[in-house]
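So the structure is just underneath, and the comments pick up after that.
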Amino acid sequence: MKKQMIWAVLIVVVSVFALVSLKITTAPGSVLATEVNQPEHGVLDIRDTGAEQSIVTLRGEWEFYWNHRLEPKDFWHKDLTAAYIMVPSSWHGFSSNESDNSSYGFGTYRLLVHLPASDLGKNKALFLRAIGSAYRLWIDGEEMPGLGTVGSSLEEEQPKSHINLVFFQPKKQTMELIIQVSNYSFREGGINREIVYGDTVALIPGILKELLYDIFVIGGFLMIGIYHLIVFGMRKKEFSALFVGLVSLAVSMRTLFINGYLSAVLLHIESWELLTKLEYMSELFGFITLVWLMKSLYPREIHAVMMRIALILLAGLFLFVLLTPARIYTESMLVQSLLKTAVLLYFVMYVGVQAYLRKREGALIHLTALVLIVYATINDTLYYLRMADTVELLSYSIIPFIMAQAIIVSHRHALLSRRNDALLEELGAVNMSLEQKVAERTKSLQEANERRTKMLANIAHDLGTPLIGIQTYLQLMVMGKLSAGSNKMTGQLLDKTDYVKRLVDDLFELSKLESRSADFKYEIVDVRSWIDELHDKFEADITGVGMSLIKETSSIGAKSFFVRIDKYRMRQVLQNFLDNAVKFSKGMGRAINLRGIVRRDQSGSGYELVVEVEDYGKGLTEAELAQVFNRFYLNRENNESGSGLGLAIVQEIVEQHQGQVGARSERGAGSAFYFILPVSCEE
């Protein structure tokens, strides 16, 4: 139970961090925007804000002309009376006519921005999203790309909605923005998300980061879904794997359909009506499969009547979305969310608590993850209804849910392993030797699988980073922005491919060691002679880089000690220690100590050899020291080209000699890396 509590707390901590930091850091406007004066009565002055090279959010009071489709020329010749409206906000209820008090209609927004003189003639951009269901845009009288077709009725309007980045060069110190908006297709009309103005080079990275994060979510959950479907295909009785896979696919598709830009690029879907319908349907499909998942995990806790009610409600909502236009089912979003929340609350408050009280496997972890989904559902409802100034969380709350599934599956596999061990003990009298081999191999395979699972994310990251760089250069070549004969570009491409090759070589070496398929040629050697041999082997190399290698040895009495090693492999270990010592002590210390010490082992009945390499370089912090033997860990100072696998390979080699590795260090005072091997004594 304590282990479950620890896992539950970890899920909450990781989830809160992921839901807040990951989402907020992808916002191109709110995080990067400079705090400036807000527009008042349709005028914004940013001349004296020091924001010439920053991003400015045009949040504040704009001129607004309800039921008018105005163009720049109309402001020259007409005597217009402006109303004022806050941006971003819905224009719901803006009309003074009670019979026309809805989100449907059309109007024109106008804002005058006094720019710094340094902005004139510079490459600037506007970032727009969530504006009605169609809009037109003018900047300083020149029409820019809008979205959809603005109309005065449902029949005239052609809705469209996705992010829009408009590039331009200000020609006047007072910039005039005019946005003609209509909405006859969505529940909220008007400019519902902030408009951002800034330098092109400042806006694009934030937008790309947001798109890449959505791509990461789409691809990640797509792979998770496919993986679980494959598991179900191999094990037909694992219905929980089927439903986890379907939930993951639903999240992936919903994220794709929400992002109209990615849907247009990847699926060639331009219809706003179709995208909105697919978004709602994928979310409801995810809820339906989530209900079935709970049924497969906790069948005894779920009442059959409540199961039918939940499925009928969700299936009814699914058909409602399928058979009605967006303007109808989006208006009922609050009712839909209340029904979905009620279903979730039953599974959380009743099923989850019952499963926890009955001590079902993984119940507490599952309950914690479901609470996050309930919170995210409520948050998203308030967010989309403009009742809370937060961010969308539902897609991200599924992350801890999938983590919970992995924890539960691992927990069940662990229980299964323990049960198998108990069974093997009971059958030991029949065939002890065979049982022992099966247990050892099973444990070895489980440990290897766990290590590989932990390595997958690091491998994907370390291989993906240089490949993205290579792809970027190739795209620039195709676009004609880089010459194929550029020496600098060619050199960078070679560096990235060389890094990938080294990483693959190290991964291959590490995989052979972990799988125990690497060849070891053991021999018995005299400890003192071996230390002398190592010193003679590496002294010239160390001297060649302007440093000295100092040998220190100590033993117990006049006894002779012997160690069983593969000399080539252990030389590889020393080579890694010395390379690191040289790399991180250049310019700080001119001596490296090589120590060989024979001492009593911890039991006091035997002896062990400690071989240590000490430098006087920069040293490591306590946090770095705790991770230094982890796979893919890199101290980035003077180590940009490393793979992060060298010390992991060292650890595998030493452990296959029945030894252990370690390190001690102090920041600014150098480091010492050592390994310990068992030795035999001869009087």
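Letters A, B, ... mark the chains of the structure tokens in the order given; residue numbers begin at 1 per chain; ligand numbers begin at 1, in order shown.
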Worksheet item: What residues in range 103-230 of chain A get the DSSP label helix (DSSP H, G or I)? Please answer as a PyMOL selection string.
Response: chain A and resi 117-119+200-230
Discussion item. Which residues are close to Ile592 in chain A, i.e. within 10 Å by only C-alpha atoms, leaving aside same-chain residues fewer than 3 positions away? Reply as a list in words.
Written reply: Ile542, Met547, Ser548, Leu549, Ile550, Lys551, Leu578, Ala581, Val582, Ser585, Gly589, Arg595, Val613, Glu614, Asp615, Tyr616, Gly617 and Ala672 of chain A
What are the closest atom pairs, with distances in Å to one decimal, for all residues of range 133-189 of chain A lying within 7 Å of range 246-269 of chain A? Consider only C-alpha atoms, order rows by chain and residue number, and present the result as a tab-separated table.
```
residue	atom	partner	partner_atom	distance
A:Ser161	CA	A:Gly260	CA	6.6
A:His162	CA	A:Gly260	CA	4.8
A:Ile163	CA	A:Tyr261	CA	6.6
```
Worksheet entry | Surrounding residues of Leu319 in chain A excluding itself and chain neighbours under 2 positions, 12 Å, only C-alpha atoms, as a VMD selection string | chain A and resid 277 280 to 281 284 to 285 312 to 317 321 to 325 329
Could you dump the residues just selected with C-alpha atoms as a PDB file, in the first residue's frame?
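Output below, filename again_36.pdb:
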```
ATOM      1  CA  LYS A 277     -17.521  17.205 -35.710  1.00  0.00           C
ATOM      2  CA  TYR A 280     -16.206  16.179 -30.608  1.00  0.00           C
ATOM      3  CA  MET A 281     -16.744  12.613 -31.819  1.00  0.00           C
ATOM      4  CA  LEU A 284     -16.760  11.058 -26.955  1.00  0.00           C
ATOM      5  CA  PHE A 285     -15.294   7.885 -28.429  1.00  0.00           C
ATOM      6  CA  ILE A 312     -26.390   5.077 -23.404  1.00  0.00           C
ATOM      7  CA  LEU A 313     -25.600   8.675 -22.384  1.00  0.00           C
ATOM      8  CA  LEU A 314     -22.260   8.735 -24.192  1.00  0.00           C
ATOM      9  CA  ALA A 315     -23.593   6.929 -27.263  1.00  0.00           C
ATOM     10  CA  GLY A 316     -26.523   9.371 -27.363  1.00  0.00           C
ATOM     11  CA  LEU A 317     -24.138  12.327 -27.263  1.00  0.00           C
ATOM     12  CA  VAL A 321     -22.914  15.279 -32.601  1.00  0.00           C
ATOM     13  CA  LEU A 322     -22.944  13.042 -35.670  1.00  0.00           C
ATOM     14  CA  LEU A 323     -26.430  14.040 -36.818  1.00  0.00           C
ATOM     15  CA  THR A 324     -26.565  17.771 -36.008  1.00  0.00           C
ATOM     16  CA  PRO A 325     -24.625  20.786 -37.356  1.00  0.00           C
ATOM     17  CA  TYR A 329     -24.072  20.709 -30.702  1.00  0.00           C
TER      18      TYR A 329
END
```
Which residues come within 10 Å of Pro299 in chain A, counting only C-alpha atoms, excluding same-chain residues fewer than 5 positions away, as a compact mmCIF listing (two decimals) with C-alpha atoms, in the first residue's frame?
```
# COMPACT_ATOMS: atom_id res chain seq x y z
CA TRP A 292 -15.14 -0.03 -21.05
CA LEU A 293 -11.58 0.09 -19.69
CA MET A 294 -12.88 0.63 -16.17
CA ALA A 304 -24.53 -3.29 -14.62
CA VAL A 351 -15.98 2.63 -8.55
CA ALA A 355 -11.80 -0.68 -5.73
```
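Rounded to one decimal, CA of Glu194 in chain A and CA of Arg59 in chain A lie 6.1 Å from each other.
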Worksheet item: Can you list, as a list in words, every protein, DNA or RNA residue that comes within 6 Å of range 197-208 of chain A when you count only C-alpha atoms, leaving out same-chain residues fewer than 2 positions away?
Response: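 Skipping anything fewer than 2 positions along the chain leaves Pro28, Ser54, Ile55, Val56, Lys124, Ala125, Leu126, Glu210, Leu211 and Leu212 of chain A.
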Worksheet entry | Contacts of range 521-531 of chain A at 6 Å (only C-alpha atoms; same-chain gap of 6+ positions) as an NGL selection string | :A and (561-566)
Produce a file of the selected residues containing N, CA and C atoms, as a PDB file, in the first residue's frame.
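The resulting file, out06.pdb, is shown below:
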```
ATOM      1  N   PHE A 561      48.796 -11.004  -4.798  1.00  0.00           N
ATOM      2  CA  PHE A 561      47.364 -11.012  -5.074  1.00  0.00           C
ATOM      3  C   PHE A 561      47.127 -11.159  -6.574  1.00  0.00           C
ATOM      4  N   PHE A 562      46.058 -11.886  -6.896  1.00  0.00           N
ATOM      5  CA  PHE A 562      45.741 -12.152  -8.302  1.00  0.00           C
ATOM      6  C   PHE A 562      44.266 -11.823  -8.560  1.00  0.00           C
ATOM      7  N   VAL A 563      44.005 -11.379  -9.766  1.00  0.00           N
ATOM      8  CA  VAL A 563      42.650 -11.006 -10.154  1.00  0.00           C
ATOM      9  C   VAL A 563      42.305 -11.681 -11.482  1.00  0.00           C
ATOM     10  N   ARG A 564      41.058 -12.112 -11.609  1.00  0.00           N
ATOM     11  CA  ARG A 564      40.588 -12.757 -12.843  1.00  0.00           C
ATOM     12  C   ARG A 564      39.867 -11.713 -13.701  1.00  0.00           C
ATOM     13  N   ILE A 565      40.461 -11.369 -14.853  1.00  0.00           N
ATOM     14  CA  ILE A 565      39.912 -10.291 -15.686  1.00  0.00           C
ATOM     15  C   ILE A 565      40.079 -10.611 -17.169  1.00  0.00           C
ATOM     16  N   ASP A 566      39.338  -9.880 -17.972  1.00  0.00           N
ATOM     17  CA  ASP A 566      39.586  -9.765 -19.409  1.00  0.00           C
ATOM     18  C   ASP A 566      40.414  -8.489 -19.569  1.00  0.00           C
TER      19      ASP A 566
END
```
Discussion item. Which residues are close to range 81-95 of chain A, i.e. within 9 Å by only C-alpha atoms, leaving aside same-chain residues fewer than 3 positions away? Reply as an MDAnalysis selection string.
Written reply: chainID A and resid 40:42 58:67 98:104 109 132 188:195 386
Keeping only C-alpha atoms, take the residues you just selected and write them out as a PDB file, in the first residue's frame.
```
ATOM      1  CA  GLU A  40      -8.183  52.212 -24.585  1.00  0.00           C
ATOM      2  CA  HIS A  41     -11.051  53.439 -26.753  1.00  0.00           C
ATOM      3  CA  GLY A  42      -9.546  51.681 -29.744  1.00  0.00           C
ATOM      4  CA  LEU A  58      -3.143  43.553 -28.397  1.00  0.00           C
ATOM      5  CA  ARG A  59      -5.361  42.831 -25.405  1.00  0.00           C
ATOM      6  CA  GLY A  60      -7.731  45.601 -24.419  1.00  0.00           C
ATOM      7  CA  GLU A  61     -10.487  47.914 -25.660  1.00  0.00           C
ATOM      8  CA  TRP A  62     -11.119  47.939 -29.434  1.00  0.00           C
ATOM      9  CA  GLU A  63     -13.605  49.908 -31.513  1.00  0.00           C
ATOM     10  CA  PHE A  64     -16.547  47.721 -32.466  1.00  0.00           C
ATOM     11  CA  TYR A  65     -19.324  48.191 -35.004  1.00  0.00           C
ATOM     12  CA  TRP A  66     -22.072  45.626 -34.513  1.00  0.00           C
ATOM     13  CA  ASN A  67     -23.981  44.496 -37.629  1.00  0.00           C
ATOM     14  CA  GLU A  98     -32.946  41.510 -26.664  1.00  0.00           C
ATOM     15  CA  SER A  99     -34.298  39.466 -29.557  1.00  0.00           C
ATOM     16  CA  ASP A 100     -30.844  39.504 -31.126  1.00  0.00           C
ATOM     17  CA  ASN A 101     -28.979  38.622 -27.915  1.00  0.00           C
ATOM     18  CA  SER A 102     -26.897  35.699 -29.238  1.00  0.00           C
ATOM     19  CA  SER A 103     -23.433  34.785 -30.455  1.00  0.00           C
ATOM     20  CA  TYR A 104     -24.547  34.789 -34.079  1.00  0.00           C
ATOM     21  CA  TYR A 109     -13.269  45.562 -35.071  1.00  0.00           C
ATOM     22  CA  GLY A 132     -15.506  33.993 -35.094  1.00  0.00           C
ATOM     23  CA  GLU A 188     -18.946  31.900 -29.453  1.00  0.00           C
ATOM     24  CA  GLY A 189     -18.642  34.907 -31.756  1.00  0.00           C
ATOM     25  CA  GLY A 190     -16.030  37.638 -31.913  1.00  0.00           C
ATOM     26  CA  ILE A 191     -12.291  37.630 -31.255  1.00  0.00           C
ATOM     27  CA  ASN A 192     -11.973  34.950 -28.577  1.00  0.00           C
ATOM     28  CA  ARG A 193      -8.189  34.636 -28.367  1.00  0.00           C
ATOM     29  CA  GLU A 194      -5.587  37.343 -28.033  1.00  0.00           C
ATOM     30  CA  ILE A 195      -3.970  38.821 -31.142  1.00  0.00           C
ATOM     31  CA  ARG A 386     -14.707  31.674 -21.493  1.00  0.00           C
TER      32      ARG A 386
END
```
Worksheet item: With only C-alpha atoms as the atoms that count, which of A:Phe347, A:Phe318, A:Tyr396, A:Phe221 lies nearest to Ile302 in chain A?
Response: A:Phe347
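What separates CA of Ile139 in chain A from CA of His77 in chain A is a distance of 18.1 Å.
Note that the spacing between CA of Met306 in chain A and CA of Lys340 in chain A amounts to 13.4 Å.
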Discussion item. Calculated over only C-alpha atoms, which of the candidates A:Asp74, A:Asp498, A:Glu157, A:Asp119 has the smallest distance to Thr174 in chain A?
Written reply: A:Asp119
